[in-house]
file my_file.txt (compact mmCIF, C-alpha atoms)
# COMPACT_ATOMS: atom_id res chain seq x y z
CA MET D 1 33.07 181.52 66.61
CA GLU D 2 32.73 184.13 63.90
CA GLN D 3 30.18 183.35 61.18
CA ARG D 4 30.38 184.41 57.53
CA VAL D 5 27.84 183.91 54.75
CA LEU D 6 28.96 181.18 52.34
CA GLY D 7 28.56 182.95 49.04
CA ARG D 8 25.40 182.36 47.08
CA THR D 9 24.13 179.73 49.52
CA GLY D 10 23.05 182.64 51.73
CA ARG D 11 23.86 180.57 54.82
CA PRO D 12 26.19 181.62 57.62
CA VAL D 13 28.96 179.18 58.50
CA SER D 14 31.77 179.16 61.03
CA VAL D 15 35.02 180.62 59.74
CA ILE D 16 36.80 177.53 61.08
CA GLY D 17 35.14 174.43 59.65
CA LEU D 18 36.14 170.79 59.68
CA GLY D 19 37.43 168.77 56.76
CA THR D 20 36.62 165.07 57.15
CA TRP D 21 38.86 163.34 54.62
CA GLN D 22 40.82 161.98 57.59
CA LEU D 23 37.71 160.29 58.92
CA GLY D 24 37.22 158.33 55.72
CA ALA D 25 40.55 157.14 54.39
CA ASP D 26 44.07 157.99 53.15
CA TRP D 27 45.41 159.32 56.46
CA GLY D 28 45.89 156.07 58.35
CA VAL D 29 43.28 154.30 60.44
CA VAL D 30 40.77 156.38 62.44
CA LEU D 31 38.42 154.27 64.56
CA GLU D 32 34.69 154.96 64.35
CA GLU D 33 34.37 156.10 67.95
CA ASP D 34 37.36 158.42 67.50
CA ALA D 35 35.83 159.89 64.35
CA LEU D 36 32.55 160.61 66.11
CA ALA D 37 34.45 162.17 69.01
CA VAL D 38 36.22 164.51 66.57
CA LEU D 39 32.89 165.60 65.07
CA ASP D 40 31.37 166.24 68.49
CA ALA D 41 34.43 168.17 69.71
CA ALA D 42 34.37 170.39 66.64
CA ALA D 43 30.67 171.18 67.00
CA ASP D 44 31.05 171.84 70.72
CA ALA D 45 33.83 174.31 69.89
CA GLY D 46 31.55 176.29 67.58
CA VAL D 47 32.21 174.66 64.21
CA THR D 48 29.07 174.67 62.04
CA PHE D 49 30.56 173.77 58.63
CA PHE D 50 31.63 170.22 57.78
CA ASP D 51 33.14 169.19 54.44
CA THR D 52 33.17 165.64 53.10
CA ALA D 53 33.00 163.69 49.81
CA ASP D 54 31.30 160.57 48.55
CA VAL D 55 34.68 158.88 47.94
CA TYR D 56 36.22 159.49 51.37
CA GLY D 57 36.43 155.89 52.51
CA ASP D 58 33.87 155.01 49.80
CA GLY D 59 31.19 156.82 51.78
CA ARG D 60 32.47 156.11 55.29
CA SER D 61 33.03 159.78 56.06
CA GLU D 62 29.49 160.68 54.95
CA GLN D 63 28.01 157.82 56.95
CA LEU D 64 29.83 158.88 60.11
CA ILE D 65 28.61 162.45 59.65
CA GLY D 66 25.10 161.08 59.13
CA ARG D 67 25.26 159.32 62.51
CA PHE D 68 26.63 162.49 64.11
CA LEU D 69 23.87 164.67 62.61
CA LYS D 70 21.10 162.63 64.25
CA GLY D 71 22.01 164.11 67.60
CA ARG D 72 22.63 167.63 66.28
CA GLN D 73 19.46 168.44 64.34
CA ASP D 74 18.88 171.76 66.10
CA ASP D 75 22.47 173.01 65.92
CA GLY D 76 22.25 174.74 62.52
CA LEU D 77 25.06 172.68 61.01
CA MET D 78 25.89 172.74 57.31
CA VAL D 79 27.43 169.78 55.48
CA ALA D 80 29.06 170.07 52.07
CA THR D 81 29.84 166.95 50.10
CA LYS D 82 31.36 166.32 46.66
CA LEU D 83 30.68 164.20 43.60
CA GLY D 84 32.43 163.11 40.44
CA ARG D 85 35.23 160.77 41.52
CA ARG D 86 33.32 157.50 41.50
CA LEU D 87 34.09 156.88 37.82
CA PRO D 88 37.18 157.45 35.66
CA GLN D 89 37.92 161.14 35.24
CA LEU D 90 36.42 161.63 31.80
CA PRO D 91 34.23 164.63 30.98
CA ALA D 92 31.67 162.24 29.44
CA ASN D 93 30.96 160.82 32.92
CA TYR D 94 29.71 164.18 34.23
CA THR D 95 26.05 163.61 33.32
CA LEU D 96 22.73 164.35 34.98
CA ALA D 97 22.02 160.62 35.37
CA ASN D 98 25.29 160.09 37.24
CA PHE D 99 24.75 163.24 39.31
CA ARG D 100 21.35 161.98 40.39
CA GLU D 101 22.76 158.57 41.33
CA TRP D 102 25.67 160.05 43.28
CA THR D 103 23.63 162.67 45.14
CA ASP D 104 21.00 160.08 46.06
CA ARG D 105 23.75 157.90 47.52
CA SER D 106 25.13 160.86 49.50
CA ARG D 107 21.67 161.71 50.78
CA ARG D 108 21.27 158.15 52.05
CA ASN D 109 24.73 158.18 53.63
CA LEU D 110 24.07 161.48 55.38
CA GLY D 111 20.47 160.66 56.26
CA VAL D 112 19.05 163.84 54.75
CA GLU D 113 16.32 164.62 52.24
CA ARG D 114 18.28 167.43 50.63
CA LEU D 115 22.01 168.10 50.58
CA ASP D 116 23.12 171.51 51.84
CA LEU D 117 25.85 171.88 49.23
CA VAL D 118 27.27 169.52 46.62
CA GLN D 119 30.57 170.30 44.89
CA LEU D 120 32.20 169.02 41.73
CA HIS D 121 35.21 167.13 43.06
CA CYS D 122 38.20 168.48 41.12
CA PRO D 123 36.97 167.29 37.71
CA PRO D 124 38.88 167.53 34.42
CA SER D 125 39.41 171.14 33.41
CA GLU D 126 37.09 170.85 30.41
CA VAL D 127 34.15 170.24 32.73
CA TYR D 128 34.19 173.84 33.98
CA SER D 129 33.48 175.09 30.46
CA THR D 130 30.71 172.58 29.70
CA ASP D 131 27.25 174.17 29.85
CA ALA D 132 25.51 170.81 30.12
CA VAL D 133 27.31 170.05 33.39
CA PHE D 134 26.02 173.22 35.02
CA ASP D 135 22.57 172.72 33.54
CA ALA D 136 22.58 169.33 35.27
CA LEU D 137 23.62 170.91 38.57
CA ASP D 138 20.82 173.44 38.20
CA THR D 139 18.44 170.52 37.71
CA LEU D 140 19.62 168.93 40.98
CA VAL D 141 18.65 172.15 42.76
CA GLU D 142 15.28 172.31 40.99
CA GLU D 143 14.58 168.70 41.94
CA GLY D 144 15.38 169.33 45.59
CA ARG D 145 18.34 166.96 45.71
CA THR D 146 20.62 169.77 46.85
CA ALA D 147 20.08 173.30 48.08
CA ALA D 148 23.12 174.67 46.26
CA TYR D 149 26.20 173.62 44.33
CA GLY D 150 29.82 174.65 44.12
CA VAL D 151 33.15 173.41 42.82
CA SER D 152 36.38 172.13 44.27
CA VAL D 153 39.28 173.09 42.01
CA GLU D 154 42.98 172.41 41.55
CA THR D 155 44.01 175.53 39.61
CA CYS D 156 43.30 179.24 39.72
CA GLU D 157 42.13 179.22 36.11
CA GLU D 158 39.51 176.57 36.95
CA ALA D 159 38.37 178.70 39.87
CA LEU D 160 38.00 181.81 37.72
CA THR D 161 36.01 179.90 35.10
CA ALA D 162 33.68 178.56 37.79
CA ILE D 163 33.22 181.93 39.49
CA ALA D 164 31.82 183.29 36.22
CA ARG D 165 29.00 180.72 36.33
CA PRO D 166 25.89 182.35 37.85
CA GLY D 167 24.78 179.23 39.74
CA VAL D 168 28.09 178.47 41.46
CA ALA D 169 27.69 179.24 45.16
CA SER D 170 31.21 178.47 46.35
CA VAL D 171 34.71 177.56 45.26
CA GLN D 172 36.94 175.29 47.30
CA ILE D 173 40.65 175.82 46.65
CA ILE D 174 44.01 175.05 48.24
CA LEU D 175 45.14 178.09 50.22
CA ASN D 176 47.72 178.34 52.97
CA PRO D 177 50.97 180.22 53.73
CA PHE D 178 52.73 177.83 51.32
CA ARG D 179 50.18 178.37 48.52
CA LEU D 180 49.56 182.08 47.93
CA LYS D 181 48.65 182.15 44.25
CA PRO D 182 44.85 182.32 44.83
CA LEU D 183 45.33 185.66 46.58
CA ASP D 184 46.23 187.40 43.32
CA ARG D 185 43.07 186.89 41.25
CA VAL D 186 40.78 184.20 42.64
CA LEU D 187 39.85 185.72 45.99
CA PRO D 188 39.18 189.21 44.57
CA ALA D 189 37.06 187.73 41.76
CA ALA D 190 35.06 185.60 44.19
CA GLU D 191 34.46 188.55 46.49
CA ARG D 192 33.20 190.70 43.61
CA ALA D 193 30.86 187.93 42.42
CA GLY D 194 29.52 187.02 45.86
CA VAL D 195 30.97 183.51 45.64
CA GLY D 196 32.10 181.83 48.86
CA ILE D 197 35.69 180.63 49.26
CA ILE D 198 36.39 177.40 51.16
CA ALA D 199 40.10 177.11 51.89
CA ARG D 200 41.30 173.52 51.92
CA VAL D 201 44.66 171.83 52.72
CA PRO D 202 45.21 174.74 55.13
CA LEU D 203 48.09 173.10 56.97
CA ALA D 204 49.78 171.71 53.84
CA SER D 205 48.96 168.12 54.90
CA GLY D 206 50.38 168.78 58.35
CA LEU D 207 53.61 170.50 57.35
CA LEU D 208 52.41 173.76 58.89
CA SER D 209 51.86 172.05 62.22
CA GLY D 210 55.62 172.31 62.61
CA LYS D 211 55.76 168.76 63.99
CA TYR D 212 57.57 167.01 61.14
CA THR D 213 61.25 166.50 60.44
CA LYS D 214 62.87 165.28 57.26
CA ASN D 215 63.00 161.82 58.87
CA THR D 216 59.26 161.66 59.64
CA LEU D 217 57.63 158.56 58.19
CA PHE D 218 53.94 158.04 57.44
CA GLY D 219 52.01 154.78 57.12
CA ALA D 220 51.76 152.93 53.84
CA ASP D 221 48.03 153.74 53.70
CA ASP D 222 48.68 157.49 54.17
CA HIS D 223 48.63 159.67 51.05
CA ARG D 224 51.64 161.53 52.45
CA THR D 225 53.57 158.34 51.65
CA TYR D 226 52.08 157.16 48.38
CA ASN D 227 51.07 160.40 46.63
CA ARG D 228 54.09 162.66 46.96
CA ASP D 229 54.67 162.37 43.22
CA GLY D 230 50.98 162.72 42.33
CA SER D 231 50.69 159.11 41.17
CA ALA D 232 47.35 158.49 42.94
CA PHE D 233 45.65 161.91 42.59
CA ASP D 234 46.62 165.53 42.12
CA GLN D 235 49.98 166.24 43.72
CA GLY D 236 48.74 169.51 45.14
CA GLU D 237 46.57 167.63 47.63
CA THR D 238 49.72 166.28 49.33
CA PHE D 239 51.89 168.88 51.12
CA SER D 240 50.31 171.48 48.79
CA GLY D 241 52.58 170.11 46.07
CA VAL D 242 55.70 171.27 47.90
CA ASP D 243 58.70 168.97 48.10
CA PHE D 244 58.65 167.44 51.60
CA ALA D 245 62.20 168.37 52.62
CA THR D 246 61.76 171.91 51.31
CA GLY D 247 58.46 172.13 53.16
CA VAL D 248 59.98 171.01 56.46
CA ASP D 249 62.60 173.75 56.27
CA ALA D 250 59.97 176.35 55.40
CA ALA D 251 57.71 175.11 58.20
CA ASP D 252 60.53 175.54 60.72
CA GLU D 253 60.86 179.17 59.66
CA PHE D 254 57.09 179.71 59.68
CA ALA D 255 56.83 178.36 63.23
CA ARG D 256 58.99 181.25 64.43
CA LEU D 257 56.26 183.65 63.30
CA ALA D 258 53.68 182.25 65.73
CA PRO D 259 52.48 184.71 68.41
CA PRO D 260 53.17 183.85 72.06
CA GLY D 261 50.94 181.02 73.22
CA ALA D 262 49.83 180.06 69.70
CA SER D 263 50.84 176.96 67.78
CA SER D 264 52.15 177.00 64.25
CA ALA D 265 48.92 175.39 63.03
CA GLN D 266 46.75 178.01 64.74
CA THR D 267 48.88 180.76 63.22
CA ALA D 268 48.40 179.30 59.75
CA LEU D 269 44.62 179.12 60.24
CA ARG D 270 44.51 182.69 61.57
CA TRP D 271 46.50 183.84 58.54
CA ILE D 272 44.02 182.19 56.17
CA VAL D 273 40.86 183.65 57.68
CA GLN D 274 42.43 187.12 57.54
CA GLN D 275 42.66 186.97 53.75
CA PRO D 276 39.91 189.12 52.15
CA GLY D 277 37.37 186.92 50.41
CA VAL D 278 37.84 183.76 52.50
CA THR D 279 34.60 182.44 53.97
CA THR D 280 35.75 179.37 55.87
CA VAL D 281 38.79 177.14 56.25
CA ILE D 282 38.51 173.37 56.68
CA PRO D 283 41.40 171.83 58.62
CA GLY D 284 41.11 168.14 59.37
CA ALA D 285 41.57 166.50 62.75
CA ARG D 286 42.41 162.98 63.86
CA ASN D 287 41.42 163.47 67.51
CA PRO D 288 39.23 165.80 69.60
CA GLU D 289 42.23 167.75 70.88
CA GLN D 290 43.20 168.75 67.34
CA ALA D 291 39.61 169.75 66.53
CA ARG D 292 39.42 171.98 69.59
CA ALA D 293 42.86 173.50 68.96
CA ASN D 294 41.91 174.34 65.38
CA ALA D 295 38.73 176.10 66.51
CA GLU D 296 40.69 178.07 69.11
CA ALA D 297 42.66 179.74 66.31
CA MET D 298 39.84 182.28 66.14
CA ALA D 299 40.68 183.39 69.68
CA LEU D 300 43.97 184.81 68.39
CA PRO D 301 44.05 188.53 67.64
CA PRO D 302 44.59 189.44 63.99
CA LEU D 303 48.16 188.88 62.88
CA PRO D 304 50.08 192.17 62.56
CA GLN D 305 51.24 193.54 59.23
CA SER D 306 54.82 192.56 60.05
CA THR D 307 53.79 188.89 60.26
CA LEU D 308 51.83 189.08 57.01
CA LYS D 309 54.90 190.55 55.29
CA ALA D 310 57.11 187.84 56.78
CA VAL D 311 54.81 185.12 55.38
CA GLN D 312 55.02 186.71 51.93
CA ASP D 313 58.81 186.93 52.20
CA LEU D 314 59.09 183.28 53.26
CA TYR D 315 56.97 182.22 50.29
CA ASP D 316 58.92 184.36 47.84
CA ARG D 317 62.32 183.12 49.02
CA ARG D 318 61.63 179.42 49.53
CA LEU D 319 58.52 178.35 47.65
CA ARG D 320 57.31 180.68 44.90
CA ALA D 321 59.44 179.29 42.07
CA GLU D 322 58.58 175.67 42.88
CA VAL D 323 54.86 176.20 43.45
CA HIS D 324 54.30 178.45 40.43
CA SER D 325 56.21 176.12 38.11
CA ARG D 326 53.83 173.29 39.09
CA TRP D 327 50.55 175.14 39.45

call {"tool": "encode", "arguments": {"input": "my_file.txt", "output": "C-alpha cells"}}
result
Amino acid sequence: MEQRVLGRTGRPVSVIGLGTWQLGADWGVVLEEDALAVLDAAADAGVTFFDTADVYGDGRSEQLIGRFLKGRQDDGLMVATKLGRRLPQLPANYTLANFREWTDRSRRNLGVERLDLVQLHCPPSEVYSTDAVFDALDTLVEEGRTAAYGVSVETCEEALTAIARPGVASVQIILNPFRLKPLDRVLPAAERAGVGIIARVPLASGLLSGKYTKNTLFGADDHRTYNRDGSAFDQGETFSGVDFATGVDAADEFARLAPPGASSAQTALRWIVQQPGVTTVIPGARNPEQARANAEAMALPPLPQSTLKAVQDLYDRRLRAEVHSRW
C-alpha cells in the first residue's frame, strides 16, 4: 500500500483509508463482530488511516475502533476523529470548553492519551473565519489532547478559508468522479500550502459501486432513504448531492470505464488517488470483503488519459449543472 504524508501532521498514511461512519449508524445495522472484522480486514490489507467522528452512533464507531486498536498497537495506525456536532450548529457552541469536553470523550472512547488528528465536523461557515476557534484548537495541541487538527468541509470556499490557516493540517472534502469541483482550486491550494487532502464520500454513497438501480430501496434507518433532500444533514453527504435517478444513469456509464478485472468502485478509488494533491481516500465498508476490495484498488495501474477525459466528459454532460447549482 502506497503511503503519503498527511499534510502538516508529518505522518505517512495509506492512500486508501477506511471511513467508519457505517460502523456507527445511518447505514443500517452493522453488528459489533462484523464491524471489528471490517477493521481487521482493512488493516491486514495495508490500511493505516481510519476516520471516525464522535457522533457516529453517539460514539459507537470510536469505541469499536478503540477495541480494535488494543490489538494493533505496533502497527503504526492513525485515527482521525471529528468534533462539533454534539450541540446545535451555532458558532457560539464552538468554544474551548466544549472542545476540551468533546476531545476528552473521544480519547476515552478510543482508549488513547492523545488523539492523532481531530477535525471540525462541517461546522457553520462562519466558524472558519473565527480566530478564537483556531486559537482553541491550537490550545488543544499545546495541552496534548490532540497531536494535530484539521477540518471537514462542505464547500470549496470553506476549504480555501481553512487552508489559509497556518495550524490546519488537513482538509476533508467530498471528492469523487461525480464531484469534481475541488479539483479546480482546492487541491492546488492545499498542495501549495502543504495541507493534506482527505477525500470522503468517494463512491457517492454507493452509487459508484454500480450496484444500484432506480428501484433500489434502502432501510428506514439508512441516510440514503431519509436524507436525500438534506432534511437531516447536508445533502451533499448523501449521493454527493446528486439526484438518485440521475446518479444511477451516470453510474451505469461510469461502470463502462472500468479496466478489465476491476470493479466500478475500485476504478473510482483509483481515479481519486490519481488527482494531484490527494493524500488519502476513505471509502467505508460494511463487510471484510468490501474492505479488502477497496484496498486492492491500489493494485490497479494508473488510469490512462483517455479514461480521465471520459470521466470529465461524463461529469460535464450529466452532472455539472446540477452539482454546481447546489454547491

call {"tool": "closest_residue", "arguments": {"input": "my_file.txt", "among": "D:Asp184, D:Asp51, D:Glu2, D:Glu101", "to": "Ala297 of chain D", "atoms": "only C-alpha atoms"}}
result
D:Glu2

call {"tool": "atom_distance", "arguments": {"input": "my_file.txt", "atom1": "atom CA of Ser14 of chain D", "atom2": "atom CA of Gln73 of chain D"}}
result
16.7 Å

call {"tool": "residues_around", "arguments": {"input": "my_file.txt", "residues": "segment 158-162 of chain D", "least_positions_apart": "4", "cutoff": "12 Å", "atoms": "only C-alpha atoms", "output": "VMD selection string"}}
result
chain D and resid 119 to 120 122 to 131 133 to 134 149 to 154 166 to 174 181 to 193 195 to 198 327

call {"tool": "write_last_selection", "arguments": {"input": "my_file.txt", "atoms": "C-alpha atoms", "output": "mmCIF file, in the coordinates of the input"}}
result
data_model
loop_
_atom_site.group_PDB
_atom_site.id
_atom_site.type_symbol
_atom_site.label_atom_id
_atom_site.label_comp_id
_atom_site.auth_asym_id
_atom_site.auth_seq_id
_atom_site.Cartn_x
_atom_site.Cartn_y
_atom_site.Cartn_z
ATOM 1 C CA GLN D 119 30.570 170.300 44.890
ATOM 2 C CA LEU D 120 32.200 169.020 41.730
ATOM 3 C CA CYS D 122 38.200 168.480 41.120
ATOM 4 C CA PRO D 123 36.970 167.290 37.710
ATOM 5 C CA PRO D 124 38.880 167.530 34.420
ATOM 6 C CA SER D 125 39.410 171.140 33.410
ATOM 7 C CA GLU D 126 37.090 170.850 30.410
ATOM 8 C CA VAL D 127 34.150 170.240 32.730
ATOM 9 C CA TYR D 128 34.190 173.840 33.980
ATOM 10 C CA SER D 129 33.480 175.090 30.460
ATOM 11 C CA THR D 130 30.710 172.580 29.700
ATOM 12 C CA ASP D 131 27.250 174.170 29.850
ATOM 13 C CA VAL D 133 27.310 170.050 33.390
ATOM 14 C CA PHE D 134 26.020 173.220 35.020
ATOM 15 C CA TYR D 149 26.200 173.620 44.330
ATOM 16 C CA GLY D 150 29.820 174.650 44.120
ATOM 17 C CA VAL D 151 33.150 173.410 42.820
ATOM 18 C CA SER D 152 36.380 172.130 44.270
ATOM 19 C CA VAL D 153 39.280 173.090 42.010
ATOM 20 C CA GLU D 154 42.980 172.410 41.550
ATOM 21 C CA PRO D 166 25.890 182.350 37.850
ATOM 22 C CA GLY D 167 24.780 179.230 39.740
ATOM 23 C CA VAL D 168 28.090 178.470 41.460
ATOM 24 C CA ALA D 169 27.690 179.240 45.160
ATOM 25 C CA SER D 170 31.210 178.470 46.350
ATOM 26 C CA VAL D 171 34.710 177.560 45.260
ATOM 27 C CA GLN D 172 36.940 175.290 47.300
ATOM 28 C CA ILE D 173 40.650 175.820 46.650
ATOM 29 C CA ILE D 174 44.010 175.050 48.240
ATOM 30 C CA LYS D 181 48.650 182.150 44.250
ATOM 31 C CA PRO D 182 44.850 182.320 44.830
ATOM 32 C CA LEU D 183 45.330 185.660 46.580
ATOM 33 C CA ASP D 184 46.230 187.400 43.320
ATOM 34 C CA ARG D 185 43.070 186.890 41.250
ATOM 35 C CA VAL D 186 40.780 184.200 42.640
ATOM 36 C CA LEU D 187 39.850 185.720 45.990
ATOM 37 C CA PRO D 188 39.180 189.210 44.570
ATOM 38 C CA ALA D 189 37.060 187.730 41.760
ATOM 39 C CA ALA D 190 35.060 185.600 44.190
ATOM 40 C CA GLU D 191 34.460 188.550 46.490
ATOM 41 C CA ARG D 192 33.200 190.700 43.610
ATOM 42 C CA ALA D 193 30.860 187.930 42.420
ATOM 43 C CA VAL D 195 30.970 183.510 45.640
ATOM 44 C CA GLY D 196 32.100 181.830 48.860
ATOM 45 C CA ILE D 197 35.690 180.630 49.260
ATOM 46 C CA ILE D 198 36.390 177.400 51.160
ATOM 47 C CA TRP D 327 50.550 175.140 39.450
#

call {"tool": "residues_around", "arguments": {"input": "my_file.txt", "residues": "Glu237 of chain D", "least_positions_apart": "5", "cutoff": "10 Å", "atoms": "only C-alpha atoms", "output": "VMD selection string"}}
result
chain D and resid 154 174 200 to 201 204 to 205 223 to 224 227 to 228 230 242

call {"tool": "closest_residue", "arguments": {"input": "my_file.txt", "among": "D:Lys70, D:Arg105, D:Arg256, D:Arg8", "to": "Ile163 of chain D", "atoms": "only C-alpha atoms"}}
result
D:Arg8

call {"tool": "atom_distance", "arguments": {"input": "my_file.txt", "atom1": "atom CA of Phe49 of chain D", "atom2": "atom CA of Ala35 of chain D"}}
result
15.9 Å

call {"tool": "atom_distance", "arguments": {"input": "my_file.txt", "atom1": "atom CA of Asp54 of chain D", "atom2": "atom CA of Glu143 of chain D"}}
result
19.7 Å

call {"tool": "closest_residue", "arguments": {"input": "my_file.txt", "among": "D:Leu269, D:Leu110, D:Leu175, D:Ala42", "to": "Pro301 of chain D", "atoms": "all atoms listed in the file"}}
result
D:Leu269

call {"tool": "residues_around", "arguments": {"input": "my_file.txt", "residues": "Val15 of chain D", "least_positions_apart": "3", "cutoff": "7 Å", "atoms": "all atoms listed in the file", "output": "list of chain:residue names"}}
result
D:Glu2, D:Gln3, D:Arg4, D:Val273, D:Thr279, D:Thr280, D:Val281

call {"tool": "closest_residue", "arguments": {"input": "my_file.txt", "among": "D:Ala291, D:Ala80, D:Leu300, D:Ala265", "to": "Leu203 of chain D", "atoms": "all atoms listed in the file"}}
result
D:Ala265

call {"tool": "closest_residue", "arguments": {"input": "my_file.txt", "among": "D:Thr307, D:Ser231, D:Asn294, D:Gln312", "to": "Leu18 of chain D", "atoms": "all atoms listed in the file"}}
result
D:Asn294

call {"tool": "closest_residue", "arguments": {"input": "my_file.txt", "among": "D:Lys211, D:Arg85, D:Arg114, D:Arg107", "to": "Ala255 of chain D", "atoms": "all atoms listed in the file"}}
result
D:Lys211

call {"tool": "residues_near_point", "arguments": {"input": "my_file.txt", "point": "(54.6, 180.2, 66.1)", "cutoff": "12 Å", "atoms": "all atoms listed in the file", "output": "ChimeraX atom specification"}}
result
/D:208-211,251-271,297,300,303,307,311
